[in-house]
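Read the structure below first, then the notes.
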2 protein chains.
Amino acid sequence: MTSESKLILTALPGLPLIQAGDNLAKLFLESLGQAGIQLQNGDLLAVAQKIISKAEGRLINLNEVIPSEEALRISKESHKDPRLVELILNESKRVFRIRPGLIIVEHQLGFVCANAGIDASNVDTFEGRAKDKVILLPKDPDASAQSLVDEIMQMTNAQIGVLIVDSHGRAWREGSVGVAIGIAGFPGLIDLRGTPDLFGEPLQSTQVGTADEVAAASSILMGQAAEGLPAIHVRGFPYQLRSGSLKDLLRPSEKDLFRK
Amino acid sequence: MTSESKLILTALPGLPLIQAGDNLAKLFLESLGQAGIQLQNGDLLAVAQKIISKAEGRLINLNEVIPSEEALRISKESHKDPRLVELILNESKRVFRIRPGLIIVEHQLGFVCANAGIDASNVDTFEGRAKDKVILLPKDPDASAQSLVDEIMQMTNAQIGVLIVDSHGRAWREGSVGVAIGIAGFPGLIDLRGTPDLFGEPLQSTQVGTADEVAAASSILMGQAAEGLPAIHVRGFPYQLRSGSLKDLLRPSEKDLFRK
């Protein structure tokens, strides 16, 4: 068996609750040490969006938000707090669908998601549970991922890939799945167009959303609730690392058959 | 570290090219033996759709297909072989979008996918490469998965879950990802609604498409081209196995905001 035939995902143990300003690279390396893992070239780290946002101080106090008229109108239609709606609109390019409890938007970052990825669960402060606090997505998740790649390279000399993971609902299928909203040192897509298949015929068109597949895989261990396992080490990724970006994974509006 | 914090995927080595009538359960167990893996309760097997279809004899010779008038019309619009279009229509409930090279349908099995999941790559016969052969999806992938669960239970006494994996394109995002098109002994969704989050507040609504996440994870190792790794063993799935069905993962038309 070659090393390509095994993929091993390990949840980083013992990470503390993350606060604004925390050095995630340092915390990850301490935790990897606890797990007995030494980073190697080609390893990946998948990190839950929420702890990136917390470390970057993307906590917002709803009491400081003044809703616009549009937010008030959409609040009625969506049964959502108008201050939260105001934040959702600020974070979005445009609104696709409004239903009670749900606002589907094209996020400023370019992807389609519910409620602009703003989350009110697992929000804490130094003082305890914060009822009026919500967390925005990182401002530039590719840059957040690149910082981690660079810092970890400096500390360990290992060339790894990092992806920032969020959970998105999907068209047509029930259940949210982990997707990559930021990547660095790691390809978003693997382009198998032109690769021969098992019988030597070139495949016509197969672009695989590999970063999203790694995000989904990591999401299995992260859980969504009280597990508190926001970072996953991945060993055995069977493709060469190279630079990548969230943009790899975004279908341009004009090529999208389902964006209206 | 608990056992829940590691997920290990292993591609089954040395599987032969699958032919109609092959006993997949037996072949998988031989291969697992080669890999030094003894099945345990709670393990999963993810199997590429294509080898299920081959074992079940779902190979069709295009020369035996007579295209209807509708197929001829859609053939012009899609630039696809009218006999292939005829098969796509037979396998589908309805057509959503037609573009050159692409027909997006609601499959008879209930999911939305391109070209009714019919594939012309990696098609072989005893005589060698078959230019005019295509492979349909399994007739009832849940039943195919259940047969494997039952046969493996009989042979090993291990209670495992099985999922049948295909690669689907998605709305809004580039790149195909592995999804489950049939499951048995395994939940399609994990319902975390009501589970407290890290700070004790119940989560409002989190249904996780866990079977699709496992499918995506397995797909990383399967590859799409010449790798020939169509079955993946998964150990460390952190949720209890129970019965499940493809239907868990399908959003009913009337609840779907993007099915028109």
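Just so we're on the same page: first chain in the structure tokens is A, next is B, and so on; residues restart at 1 for each chain, and ligands are numbered from 1 in the order they show up.
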- request: Output as a ChimeraX atom specification the set of chain B residues within 6 Å of chain A, with distances taken over only C-alpha atoms.
  value: /B:5-11,122,171-177,197-198,207-209,213,216-217,225-226,249-251,258
message: Which residues are close to Ser92 of chain A, i.e. within 7 Å by only C-alpha atoms, leaving aside same-chain residues fewer than 6 positions away? Reply as a count of residues only.
response: 5
field: Which of segment 11-207 of chain A DSSP labels helix (DSSP H, G or I), written as a VMD selection string
entry: chain A and resid 24 to 34 49 to 55 62 to 64 69 to 78 82 to 90 115 to 117 141 to 156
Residues of segment 72-240 of chain B in strand (DSSP E or B), written as a ChimeraX atom specification: /B:92-99,102-107,112-114,119,124-125,128-129,133-135,161-168,173,176-184,190-191,196,202,207-208,231-235
Could you fit chain B onto chain A with a least-squares superposition over all C-alpha atoms, matched one to one in order, and give me the transformed chain as a compact mmCIF listing (two decimals) with C-alpha atoms, in the first residue's frame?
# COMPACT_ATOMS: atom_id res chain seq x y z
CA MET B 1 0.00 -0.02 0.14
CA THR B 2 1.24 3.43 -0.80
CA SER B 3 1.02 6.37 1.56
CA GLU B 4 -1.59 7.85 -0.80
CA SER B 5 -4.14 5.25 0.25
CA LYS B 6 -4.68 6.46 3.81
CA LEU B 7 -6.12 9.76 5.00
CA ILE B 8 -5.90 10.40 8.73
CA LEU B 9 -7.82 13.22 10.40
CA THR B 10 -7.07 14.11 14.02
CA ALA B 11 -8.97 16.66 16.08
CA LEU B 12 -6.58 18.91 17.97
CA PRO B 13 -7.06 18.22 21.68
CA GLY B 14 -7.26 20.67 24.55
CA LEU B 15 -7.61 23.96 22.69
CA PRO B 16 -8.80 26.72 25.02
CA LEU B 17 -11.78 28.96 24.29
CA ILE B 18 -10.37 31.43 21.79
CA GLN B 19 -10.33 35.17 22.58
CA ALA B 20 -9.54 38.18 20.43
CA GLY B 21 -5.80 38.45 19.87
CA ASP B 22 -4.96 34.82 20.63
CA ASN B 23 -2.03 33.38 18.69
CA LEU B 24 -3.70 30.44 16.94
CA ALA B 25 -0.54 29.10 15.31
CA LYS B 26 1.13 28.77 18.70
CA LEU B 27 -1.96 27.17 20.29
CA PHE B 28 -2.23 24.68 17.40
CA LEU B 29 1.41 23.66 17.72
CA GLU B 30 1.07 23.12 21.47
CA SER B 31 -2.02 20.99 20.88
CA LEU B 32 -0.35 18.99 18.09
CA GLY B 33 2.49 18.31 20.50
CA GLN B 34 -0.04 16.97 23.02
CA ALA B 35 -1.47 14.71 20.30
CA GLY B 36 2.02 13.45 19.48
CA ILE B 37 1.91 14.90 15.96
CA GLN B 38 4.91 16.61 14.37
CA LEU B 39 3.92 18.62 11.30
CA GLN B 40 5.32 17.39 7.97
CA ASN B 41 5.40 18.96 4.53
CA GLY B 42 2.08 18.24 2.82
CA ASP B 43 0.00 18.13 6.01
CA LEU B 44 -3.17 20.22 6.20
CA LEU B 45 -4.88 22.07 9.03
CA ALA B 46 -8.63 22.66 8.78
CA VAL B 47 -9.81 25.39 11.14
CA ALA B 48 -13.39 26.25 12.07
CA GLN B 49 -14.33 29.74 10.90
CA LYS B 50 -15.60 30.64 14.32
CA ILE B 51 -12.26 30.54 16.12
CA ILE B 52 -10.58 32.53 13.34
CA SER B 53 -13.30 35.17 13.70
CA LYS B 54 -12.95 35.19 17.49
CA ALA B 55 -9.17 35.53 17.33
CA GLU B 56 -9.63 38.38 14.85
CA GLY B 57 -12.13 40.18 17.07
CA ARG B 58 -15.12 39.86 14.73
CA LEU B 59 -17.58 39.83 17.64
CA ILE B 60 -20.29 42.47 17.27
CA ASN B 61 -22.57 43.78 19.99
CA LEU B 62 -26.08 44.01 18.52
CA ASN B 63 -26.83 46.92 20.85
CA GLU B 64 -24.42 49.02 18.81
CA VAL B 65 -26.18 48.34 15.50
CA ILE B 66 -28.84 50.70 14.14
CA PRO B 67 -31.05 48.97 11.58
CA SER B 68 -31.82 50.70 8.28
CA GLU B 69 -35.30 50.84 6.79
CA GLU B 70 -34.45 47.95 4.48
CA ALA B 71 -33.31 45.92 7.48
CA LEU B 72 -36.58 46.67 9.29
CA ARG B 73 -38.57 45.56 6.25
CA ILE B 74 -36.60 42.32 5.81
CA SER B 75 -36.78 41.74 9.57
CA LYS B 76 -40.56 41.48 9.30
CA GLU B 77 -40.39 39.06 6.41
CA SER B 78 -37.65 36.91 7.95
CA HIS B 79 -38.73 37.12 11.64
CA LYS B 80 -35.14 38.03 12.48
CA ASP B 81 -33.80 40.71 14.81
CA PRO B 82 -33.58 43.89 12.67
CA ARG B 83 -30.09 44.61 14.03
CA LEU B 84 -28.95 41.16 12.88
CA VAL B 85 -30.59 41.78 9.50
CA GLU B 86 -28.66 45.06 9.24
CA LEU B 87 -25.40 43.14 9.76
CA ILE B 88 -26.44 40.49 7.23
CA LEU B 89 -27.09 43.20 4.64
CA ASN B 90 -23.76 44.92 5.39
CA GLU B 91 -21.93 41.63 4.84
CA SER B 92 -23.71 40.81 1.57
CA LYS B 93 -23.67 41.78 -2.09
CA ARG B 94 -27.30 40.85 -2.59
CA VAL B 95 -30.24 38.96 -1.15
CA PHE B 96 -31.57 35.89 -3.02
CA ARG B 97 -34.35 34.50 -0.86
CA ILE B 98 -36.13 35.53 2.33
CA ARG B 99 -38.13 33.06 4.40
CA PRO B 100 -39.04 32.99 8.10
CA GLY B 101 -35.76 32.31 9.89
CA LEU B 102 -33.70 32.37 6.71
CA ILE B 103 -32.07 35.01 4.52
CA ILE B 104 -30.03 33.55 1.65
CA VAL B 105 -27.46 35.99 0.32
CA GLU B 106 -24.44 36.32 -1.88
CA HIS B 107 -21.80 37.20 0.69
CA GLN B 108 -19.28 39.99 0.05
CA LEU B 109 -16.72 37.17 -0.07
CA GLY B 110 -18.50 35.78 -3.14
CA PHE B 111 -20.26 32.64 -1.96
CA VAL B 112 -23.97 32.01 -1.51
CA CYS B 113 -24.93 31.21 2.08
CA ALA B 114 -27.60 31.64 4.75
CA ASN B 115 -27.65 34.72 6.99
CA ALA B 116 -24.25 35.92 5.66
CA GLY B 117 -22.61 33.28 7.83
CA ILE B 118 -23.32 35.31 10.97
CA ASP B 119 -23.68 33.10 13.99
CA ALA B 120 -24.99 33.62 17.51
CA SER B 121 -24.15 30.19 18.92
CA ASN B 122 -20.99 29.46 20.88
CA VAL B 123 -20.43 33.19 21.46
CA ASP B 124 -18.62 33.92 24.67
CA THR B 125 -16.86 36.85 26.23
CA PHE B 126 -14.52 37.10 29.18
CA GLU B 127 -17.60 37.80 31.31
CA GLY B 128 -19.45 34.68 30.20
CA ARG B 129 -22.30 34.08 27.80
CA ALA B 130 -23.11 37.06 25.58
CA LYS B 131 -26.76 37.22 24.58
CA ASP B 132 -26.38 40.23 22.34
CA LYS B 133 -23.16 39.22 20.62
CA VAL B 134 -22.87 37.70 17.19
CA ILE B 135 -19.82 36.71 15.15
CA LEU B 136 -19.14 37.85 11.61
CA LEU B 137 -17.07 35.76 9.21
CA PRO B 138 -13.37 36.66 8.98
CA LYS B 139 -12.81 39.76 6.82
CA ASP B 140 -10.45 37.96 4.43
CA PRO B 141 -10.37 34.20 5.13
CA ASP B 142 -7.71 33.52 2.45
CA ALA B 143 -5.44 36.01 4.24
CA SER B 144 -6.23 34.43 7.62
CA ALA B 145 -5.26 31.04 6.19
CA GLN B 146 -2.09 32.45 4.62
CA SER B 147 -1.01 33.97 7.95
CA LEU B 148 -1.32 30.56 9.59
CA VAL B 149 0.66 28.90 6.78
CA ASP B 150 3.41 31.52 7.13
CA GLU B 151 3.58 31.50 10.94
CA ILE B 152 3.64 27.71 11.05
CA MET B 153 6.35 27.62 8.38
CA GLN B 154 8.41 30.01 10.52
CA MET B 155 7.93 27.97 13.68
CA THR B 156 8.30 24.44 12.26
CA ASN B 157 9.79 24.75 8.77
CA ALA B 158 6.90 22.58 7.53
CA GLN B 159 5.10 23.58 4.32
CA ILE B 160 1.46 22.90 5.10
CA GLY B 161 -1.91 23.92 3.68
CA VAL B 162 -4.58 25.64 5.77
CA LEU B 163 -8.29 25.84 5.14
CA ILE B 164 -10.95 27.82 6.98
CA VAL B 165 -14.15 25.79 7.29
CA ASP B 166 -17.76 26.89 7.64
CA SER B 167 -20.99 24.88 7.40
CA HIS B 168 -23.30 25.74 4.51
CA GLY B 169 -26.72 24.57 3.54
CA ARG B 170 -27.14 23.50 -0.07
CA ALA B 171 -29.61 23.66 -2.89
CA TRP B 172 -31.61 20.43 -3.34
CA ARG B 173 -30.15 18.44 -0.45
CA GLU B 174 -30.94 18.47 3.27
CA GLY B 175 -28.24 18.98 5.87
CA SER B 176 -25.38 21.43 6.09
CA VAL B 177 -21.88 20.34 5.08
CA GLY B 178 -18.44 21.75 5.76
CA VAL B 179 -17.08 23.92 2.95
CA ALA B 180 -13.88 25.91 2.59
CA ILE B 181 -14.32 29.70 2.87
CA GLY B 182 -10.60 30.45 2.84
CA ILE B 183 -7.53 28.49 1.76
CA ALA B 184 -3.78 28.93 1.53
CA GLY B 185 -0.95 26.70 0.40
CA PHE B 186 -3.56 24.35 -0.93
CA PRO B 187 -5.50 24.02 -4.21
CA GLY B 188 -9.24 24.75 -4.17
CA LEU B 189 -9.82 22.52 -7.17
CA ILE B 190 -7.97 19.55 -8.58
CA ASP B 191 -8.29 19.59 -12.34
CA LEU B 192 -8.45 16.07 -13.69
CA ARG B 193 -9.41 17.16 -17.19
CA GLY B 194 -7.17 15.36 -19.60
CA THR B 195 -6.02 12.77 -17.04
CA PRO B 196 -6.47 9.33 -18.58
CA ASP B 197 -9.07 7.15 -16.92
CA LEU B 198 -8.45 3.52 -15.99
CA PHE B 199 -8.58 2.46 -19.65
CA GLY B 200 -6.45 5.24 -21.08
CA GLU B 201 -9.16 7.53 -22.47
CA PRO B 202 -8.72 11.14 -21.38
CA LEU B 203 -11.49 12.25 -19.01
CA GLN B 204 -13.54 15.00 -20.59
CA SER B 205 -14.22 17.28 -17.68
CA THR B 206 -13.59 16.55 -14.05
CA GLN B 207 -12.77 19.40 -11.77
CA VAL B 208 -12.92 18.14 -8.24
CA GLY B 209 -13.74 20.52 -5.39
CA THR B 210 -11.06 18.97 -3.26
CA ALA B 211 -10.78 21.78 -0.71
CA ASP B 212 -14.50 21.44 -0.04
CA GLU B 213 -14.09 17.67 0.30
CA VAL B 214 -11.37 18.19 2.91
CA ALA B 215 -13.58 20.75 4.65
CA ALA B 216 -16.47 18.27 4.72
CA ALA B 217 -14.19 15.52 6.03
CA SER B 218 -12.88 17.76 8.81
CA SER B 219 -16.38 18.88 9.68
CA ILE B 220 -17.29 15.28 10.67
CA LEU B 221 -14.89 15.55 13.62
CA MET B 222 -15.53 19.21 14.42
CA GLY B 223 -19.17 18.63 15.26
CA GLN B 224 -21.45 21.58 15.55
CA ALA B 225 -22.41 21.66 19.17
CA ALA B 226 -20.59 21.19 22.45
CA GLU B 227 -17.69 19.08 21.14
CA GLY B 228 -15.40 22.06 20.93
CA LEU B 229 -13.04 20.54 18.37
CA PRO B 230 -12.42 23.50 16.07
CA ALA B 231 -9.16 22.44 14.41
CA ILE B 232 -8.34 19.24 12.53
CA HIS B 233 -4.99 17.94 11.36
CA VAL B 234 -5.09 16.05 8.04
CA ARG B 235 -2.32 13.73 6.88
CA GLY B 236 -2.26 11.78 3.63
CA PHE B 237 -3.77 14.33 1.24
CA PRO B 238 -2.96 12.61 -2.06
CA TYR B 239 -2.24 15.69 -4.18
CA GLN B 240 0.68 18.06 -4.35
CA LEU B 241 0.22 21.28 -2.35
CA ARG B 242 0.34 24.55 -4.28
CA SER B 243 -1.11 28.00 -3.86
CA GLY B 244 -4.86 28.33 -3.91
CA SER B 245 -7.67 30.73 -3.10
CA LEU B 246 -11.34 30.74 -2.21
CA LYS B 247 -11.85 32.17 -5.71
CA ASP B 248 -10.97 28.74 -7.18
CA LEU B 249 -14.19 27.43 -5.67
CA LEU B 250 -16.57 30.23 -6.61
CA ARG B 251 -18.55 29.88 -9.82
CA PRO B 252 -18.77 33.26 -11.55
CA SER B 253 -22.34 34.61 -11.54
CA GLU B 254 -22.52 34.63 -15.32
CA LYS B 255 -21.67 30.90 -15.50
CA ASP B 256 -24.08 29.97 -12.71
CA LEU B 257 -27.33 28.32 -13.81
CA PHE B 258 -28.90 28.63 -10.36
CA ARG B 259 -28.12 32.17 -9.18
CA LYS B 260 -31.38 34.04 -9.66
